[in-house]
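Reading through the structure tokens given below for one structure.
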Amino acid sequence: MSILENTISSGSAAYHANRDGMLALIDRMRALEARARAASAAAKDRFHNRGQLLPRERVALVLDPGAPFIELSTLAGYMFDVSDPAKSVPGGGVIAGIGFVSGIRCMVSASDSGIDAGALQPFGLDKTLRVQELALENKLPYVQLVESAGANLLRYRVEDFVRGGNIFRNLARLSAAGLPVVTVTHGSSTAGGAYQTGLSDYIVMVRGRTRAFLAGPPLLKAATGEIATEEELGGAEMHTQVSGLGDYLAEDDRDALRIAREIMAALEWERPGKTVAQFRPPRYDQDELLGIMPMDHKRPVDMKQVIARIVDDSDFTEMAPNYGPATVCGHARIEGQAIGIIANNGPLDPAGANKATHFIQACCQTRTPILYLNNTTGYMVGKAYEEAGMIKHGSKMIQAVTSATVPQITLYCGASFGAGNYGMCGRGFHPRFCFSWPNAKTAVMGGEQAAETMAIVTEAAAARRGKPIEKHKLDAMKAEIIGVFDGQMDVFSTSARVLDDGVIDPRDTRAVLSEVLAVCREGDARTPQPMQFSVARP
């Protein structure tokens with residue numbers, strides 16, 4: 001055993017400053033999530049008066065009570081719907097996450113129709129595409145609860161229309177991969193959204209509420225002059241009795257969700273076992289994770305103290321601790337599940353990159369998933385490091401990350417700058433899952449470094465032209481650059497752009513990692529029977 005020793009002084013001023021800073025960020029995150037819930041719940045009377053459930057009530061009823069549910073990308077679209085941080089409602093108009101339906105681990109996605117009638121919000125498309133990608137990668141059945149006004153025509157962008165086709169392509173891919181797509185169409189499913197229903201394997205419709213048509217009555221009249229009611233054109237009774245689009249006719253939302261659960265229960269699908277794994281919890285309090293990470297990313301951190309609070313028994317077998325020591329590599333377990341861990345105790349140097357490359361290859365050899373605890377200002381620069389082959393060794397590490405054959409999970413714990421973001425399996429390298437702590441920062445470099453770099457370039461250019469540059473103009477340029485960088489690097493900006501799968505409280509890290517490791521393990525062990533094409537409607 002290699003038990004990590006505690007070096008955290010929980011009574012120090014630095015620890016309390018870190019803790020206070022992290023708690024403030026967590027409070028901000030929770031307040032934004034609560035705002036999205038409140039904005040949707042504001043429609044409660046309207047929904048209940050017409051006999052409907054709110055979107056989150058639907059999600060709660062379709063899921064197994066008491067089972068784990070990992071909600072994804074809760075900050076998607078923050079500050080992109082409106083620029084006022086006090087009024088922006090995050091979430092992208094979609095509620096999505098991984099949970100259990102009738103004992104089967106599924107991806108569940110629901111239109112948040114309490115907000116703008118379920119019209120897709122900014123970055124809602126990106127969020128939907130990401131959760132579909134996760135379902136495909138992890139071989140998860142896909143359960144969708146549809147009620148959407150579709151695209152917001154007042155915010156129409158042709159690129160969203162073109163990219164939106166990927167939603168329907170992915171539904172076909174899920175079905176073709178043998179991953180059931182179960183859809184409850186609670187309300188409107190119009191135009192392209194009609195294919196969200198049509199491209200499903202099992203379709204449940206609600207009497208008097210479901211509407212599925214390629215063109216609603218206004219567009220139909222404008223295009224052809226034909227006049228028809230919504231029920232005649234695309235109601236649940238018509239589709240379950242005449243067109244054959246619907247498979248099941250439900251009396252109301254509750255009945256529809258009951259049917260969806262029964263569909264899942266009837267599937268011949270492997271359910272995760274309930275065997276109790278034998279493991280010991282970490283020896284140190286997970287609450288102390290709040291005080292480890294400084295708010296200033298330039299301050300050093302011993303990431304082994306993070307590892308000690310998330311792995312079983314705080315037992316970590318480190319590889320080559322004296323070679324490239326700023327890059328920490330080693331083996332551990334999380335709730336009995338084996339995992340390789342790569343963390344940063346400083347910038348990546350040639351030796352550290354070389355060690356990480358070797359470690360990634362070793363994990364692939366033994367089919368061990370890899371966790372990247374991302375906290376780096378990047379690869380080392382300077383004459384000595386260039387001569388030592390920083391580019392070559394850094395490139396080999398990036399190649400190893402790209403070519404890895406095991407699930408890779410990334411957790412942004414602090415800074416993630418420059419090519420270090422790539423070498424530590426940043427979002428652009430398609431980790432199986434990617435989460436952030438509330439203090440995380442991601443950028444090509446720090447704002448001050450970017451500003452100073454441009455100042456040096458500007459001064460050199462002015463000198464070549466023989467023209468002096470005014471200091472106040474240079475200072476103004478530097479301030480503008482710092483503002484641009486600082487305005488995009490924090491987690492509230494990156495997660496808003498769906499550059500991770502969600503922001504998590506550090507205290508929840510072990511629980512989240514345990515769940516996603518189980519998802520990865522089950523997905524990699526599962527071999528669903530592929531279909532040659534999506535299920536054809538009668």
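Residues are named by chain letter and number: chains run A, B, ... in the order of the structure tokens, numbers start at 1 in each chain, and ligands are numbered from 1 in the order shown.
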TODO: For range 500-513 of chain A, list every protein, DNA or RNA residue within 6 Å, evaluated using only C-alpha atoms, and leave out those in the same chain fewer than 5 positions away; present the list as JSON, numbers by chain.
DONE: {"A": [72, 73, 286, 287, 310, 434, 435, 436, 437, 495]}
Open item on the list: as a list in words, please: the residues near Leu154 in chain A (cut-off 12 Å, only C-alpha atoms, same-chain neighbours under 4 positions excluded).
Closed with: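 Listing them by chain and then by number gives Ala119, Leu120, Gln121 and Gly150 of chain A.
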- [ ] Work out how far apart CA of Gly420 in chain A and CA of Val516 in chain A are and give it in Å to one decimal.
- [x]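 Atom-to-atom, CA of Gly420 in chain A and CA of Val516 in chain A are spaced 23.8 Å apart.
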TODO: Show which residues sit within 7 Å of range 403-412 of chain A, as an NGL selection string. Count only C-alpha atoms, and ignore same-chain residues fewer than 6 positions away.
DONE: :A and (364 or 367-375 or 425-426 or 431-437 or 440 or 520)
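Restricting the calculation to only C-alpha atoms, the smallest distance between Arg105 in chain A and any of A:Gly340, A:Gly273, A:Pro300, A:Pro218 is found for A:Gly273.
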Open item on the list: Ranking A:Leu474, A:Arg211, A:Asp27, A:Lys383 by minimum distance to Met454 in chain A and counting only C-alpha atoms, which one comes first?
Closed with: A:Leu474
TODO: Find the residue from A:Gly164, A:Pro90, A:Gly21, A:Gly483 that sits nearest to Leu75 in chain A; use only C-alpha atoms when measuring.
DONE: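 Checking each candidate against Leu75 in chain A, we get A:Pro90 as the closest.
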TODO: Would you kindly return, as a ChimeraX atom specification, each protein, DNA or RNA residue with an atom no farther than 9 Å from any atom of Gln337 in chain A, considering only C-alpha atoms and excluding same-chain residues fewer than 4 positions away?
DONE: /A:277,332-333,514,517-518
What does the file look like for those residues with N, CA, C and O atoms, as a PDB file, in the first residue's frame?
```pdb
ATOM      1  N   ALA A 277     -19.373  -3.597  -3.785  1.00  0.00           N
ATOM      2  CA  ALA A 277     -17.923  -3.674  -3.922  1.00  0.00           C
ATOM      3  C   ALA A 277     -17.263  -3.449  -2.564  1.00  0.00           C
ATOM      4  O   ALA A 277     -17.754  -2.675  -1.739  1.00  0.00           O
ATOM      5  N   ALA A 332      -4.784   3.932  -8.784  1.00  0.00           N
ATOM      6  CA  ALA A 332      -5.614   3.955  -7.592  1.00  0.00           C
ATOM      7  C   ALA A 332      -6.935   3.276  -7.922  1.00  0.00           C
ATOM      8  O   ALA A 332      -7.119   2.729  -9.025  1.00  0.00           O
ATOM      9  N   ARG A 333      -7.862   3.316  -6.974  1.00  0.00           N
ATOM     10  CA  ARG A 333      -9.217   2.810  -7.202  1.00  0.00           C
ATOM     11  C   ARG A 333     -10.223   3.812  -6.653  1.00  0.00           C
ATOM     12  O   ARG A 333      -9.952   4.483  -5.653  1.00  0.00           O
ATOM     13  N   SER A 514     -17.232   7.894  -9.624  1.00  0.00           N
ATOM     14  CA  SER A 514     -17.659   6.503  -9.471  1.00  0.00           C
ATOM     15  C   SER A 514     -18.766   6.163 -10.461  1.00  0.00           C
ATOM     16  O   SER A 514     -18.743   5.091 -11.094  1.00  0.00           O
ATOM     17  N   LEU A 517     -17.368   6.184 -14.156  1.00  0.00           N
ATOM     18  CA  LEU A 517     -16.536   4.993 -14.372  1.00  0.00           C
ATOM     19  C   LEU A 517     -17.414   3.770 -14.607  1.00  0.00           C
ATOM     20  O   LEU A 517     -17.117   2.935 -15.469  1.00  0.00           O
ATOM     21  N   ALA A 518     -18.501   3.673 -13.839  1.00  0.00           N
ATOM     22  CA  ALA A 518     -19.433   2.560 -14.045  1.00  0.00           C
ATOM     23  C   ALA A 518     -20.079   2.647 -15.424  1.00  0.00           C
ATOM     24  O   ALA A 518     -20.250   1.625 -16.111  1.00  0.00           O
TER      25      ALA A 518
END
```
Open item on the list: I want to know what sits within 8 Å of range 184-186 of chain A, based on only C-alpha atoms, with residues of the same chain fewer than 5 positions away left out; could you give that as a list in words?
Closed with: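 Near neighbours after the sequence-gap exclusion: Gln144, Leu145, Val146, Glu147, Thr197, Ile203, Val204, Met205, Val206, Arg209, Thr210, Arg211, Asp253, Ala256, Leu257 and Ala260 of chain A.
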Mind writing the picked residues with N, CA and C atoms as a compact mmCIF listing (two decimals), in the first residue's frame?
```txt
# COMPACT_ATOMS: atom_id res chain seq x y z
N GLN A 144 -36.21 10.38 -24.54
CA GLN A 144 -36.43 11.81 -24.71
C GLN A 144 -37.89 12.17 -24.47
N LEU A 145 -38.08 13.26 -23.75
CA LEU A 145 -39.40 13.78 -23.40
C LEU A 145 -39.57 15.09 -24.17
N VAL A 146 -40.38 15.03 -25.23
CA VAL A 146 -40.40 16.11 -26.22
C VAL A 146 -41.63 17.00 -26.05
N GLU A 147 -41.39 18.27 -25.97
CA GLU A 147 -42.44 19.29 -26.12
C GLU A 147 -41.72 20.60 -26.42
N THR A 197 -39.44 13.04 -33.15
CA THR A 197 -40.38 11.97 -32.80
C THR A 197 -40.27 10.82 -33.80
N ILE A 203 -42.67 5.24 -29.63
CA ILE A 203 -43.24 6.58 -29.54
C ILE A 203 -44.53 6.54 -28.74
N VAL A 204 -44.55 7.34 -27.68
CA VAL A 204 -45.73 7.47 -26.84
C VAL A 204 -46.31 8.86 -27.06
N MET A 205 -47.62 8.93 -27.33
CA MET A 205 -48.29 10.21 -27.55
C MET A 205 -49.40 10.41 -26.52
N VAL A 206 -49.70 11.66 -26.23
CA VAL A 206 -50.68 12.00 -25.19
C VAL A 206 -51.95 12.55 -25.84
N ARG A 209 -52.98 16.40 -26.37
CA ARG A 209 -51.83 17.29 -26.15
C ARG A 209 -50.76 17.15 -27.22
N THR A 210 -50.48 15.95 -27.67
CA THR A 210 -49.42 15.75 -28.66
C THR A 210 -49.79 16.42 -29.97
N ARG A 211 -48.80 17.09 -30.57
CA ARG A 211 -48.94 17.69 -31.89
C ARG A 211 -47.66 17.39 -32.67
N ASP A 253 -49.89 12.99 -19.12
CA ASP A 253 -48.43 12.90 -18.97
C ASP A 253 -48.03 11.73 -18.07
N ALA A 256 -48.34 8.54 -19.85
CA ALA A 256 -47.30 8.42 -20.89
C ALA A 256 -45.97 7.99 -20.29
N LEU A 257 -45.63 8.55 -19.15
CA LEU A 257 -44.37 8.20 -18.50
C LEU A 257 -44.42 6.78 -17.95
N ALA A 260 -43.73 4.63 -20.92
CA ALA A 260 -42.30 4.67 -21.26
C ALA A 260 -41.50 3.78 -20.33
```
Task: Close residues, Glu459 in chain A itself excluded, 12 Å, only C-alpha atoms, min 5 positions apart in chain, as a VMD selection string - done: chain A and resid 452 to 454 464 to 471 473 to 475 477
Take the residues just selected and output them with N, CA, C and O atoms as an mmCIF file, in the first residue's frame.
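File produced: part.cif:
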```
data_model
loop_
_atom_site.group_PDB
_atom_site.id
_atom_site.type_symbol
_atom_site.label_atom_id
_atom_site.label_comp_id
_atom_site.auth_asym_id
_atom_site.auth_seq_id
_atom_site.Cartn_x
_atom_site.Cartn_y
_atom_site.Cartn_z
ATOM 1 N N GLU A 452 1.017 41.182 -22.255
ATOM 2 C CA GLU A 452 2.437 41.525 -22.305
ATOM 3 C C GLU A 452 3.059 41.085 -23.631
ATOM 4 O O GLU A 452 3.902 41.779 -24.207
ATOM 5 N N THR A 453 2.629 39.920 -24.121
ATOM 6 C CA THR A 453 3.125 39.442 -25.420
ATOM 7 C C THR A 453 2.783 40.435 -26.527
ATOM 8 O O THR A 453 3.641 40.797 -27.348
ATOM 9 N N MET A 454 1.533 40.875 -26.564
ATOM 10 C CA MET A 454 1.115 41.814 -27.608
ATOM 11 C C MET A 454 1.787 43.174 -27.437
ATOM 12 O O MET A 454 2.079 43.860 -28.431
ATOM 13 N N ARG A 464 10.486 49.282 -35.474
ATOM 14 C CA ARG A 464 10.912 49.041 -36.855
ATOM 15 C C ARG A 464 10.461 50.167 -37.779
ATOM 16 O O ARG A 464 11.134 50.474 -38.756
ATOM 17 N N ARG A 465 9.326 50.738 -37.469
ATOM 18 C CA ARG A 465 8.825 51.853 -38.294
ATOM 19 C C ARG A 465 9.419 53.186 -37.879
ATOM 20 O O ARG A 465 9.174 54.198 -38.526
ATOM 21 N N GLY A 466 10.173 53.177 -36.771
ATOM 22 C CA GLY A 466 10.772 54.411 -36.292
ATOM 23 C C GLY A 466 9.759 55.349 -35.661
ATOM 24 O O GLY A 466 9.983 56.558 -35.605
ATOM 25 N N LYS A 467 8.662 54.823 -35.182
ATOM 26 C CA LYS A 467 7.626 55.646 -34.574
ATOM 27 C C LYS A 467 7.429 55.209 -33.119
ATOM 28 O O LYS A 467 7.164 54.040 -32.854
ATOM 29 N N PRO A 468 7.549 56.145 -32.205
ATOM 30 C CA PRO A 468 7.331 55.790 -30.794
ATOM 31 C C PRO A 468 5.851 55.488 -30.539
ATOM 32 O O PRO A 468 4.975 56.003 -31.224
ATOM 33 N N ILE A 469 5.600 54.646 -29.571
ATOM 34 C CA ILE A 469 4.219 54.326 -29.215
ATOM 35 C C ILE A 469 3.887 54.983 -27.887
ATOM 36 O O ILE A 469 4.711 54.992 -26.966
ATOM 37 N N GLU A 470 2.725 55.579 -27.817
ATOM 38 C CA GLU A 470 2.325 56.282 -26.601
ATOM 39 C C GLU A 470 1.951 55.283 -25.514
ATOM 40 O O GLU A 470 1.199 54.342 -25.745
ATOM 41 N N LYS A 471 2.481 55.555 -24.307
ATOM 42 C CA LYS A 471 2.296 54.609 -23.211
ATOM 43 C C LYS A 471 0.824 54.422 -22.857
ATOM 44 O O LYS A 471 0.379 53.299 -22.582
ATOM 45 N N LYS A 473 -1.730 54.524 -24.764
ATOM 46 C CA LYS A 473 -2.371 53.659 -25.762
ATOM 47 C C LYS A 473 -1.969 52.199 -25.544
ATOM 48 O O LYS A 473 -2.786 51.279 -25.692
ATOM 49 N N LEU A 474 -0.700 51.999 -25.192
ATOM 50 C CA LEU A 474 -0.225 50.639 -24.925
ATOM 51 C C LEU A 474 -0.924 50.062 -23.694
ATOM 52 O O LEU A 474 -1.354 48.902 -23.702
ATOM 53 N N ASP A 475 -1.054 50.890 -22.657
ATOM 54 C CA ASP A 475 -1.737 50.437 -21.447
ATOM 55 C C ASP A 475 -3.207 50.109 -21.720
ATOM 56 O O ASP A 475 -3.756 49.146 -21.180
ATOM 57 N N MET A 477 -4.460 49.122 -24.592
ATOM 58 C CA MET A 477 -4.502 47.870 -25.345
ATOM 59 C C MET A 477 -4.329 46.678 -24.419
ATOM 60 O O MET A 477 -5.058 45.670 -24.523
#
```
Open item on the list: Using only C-alpha atoms for the distances, tell me which of A:Val182, A:Gly428, A:Gly414, A:Val519 is nearest to Phe69 in chain A.
Closed with: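 Once distances to Phe69 in chain A are computed over only C-alpha atoms, the minimum belongs to A:Val519.
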Open item on the list: Ranking A:Ala177, A:Ala460, A:Ala326, A:Ile341 by minimum distance to Thr376 in chain A and counting only C-alpha atoms, which one comes first?
Closed with: A:Ala326
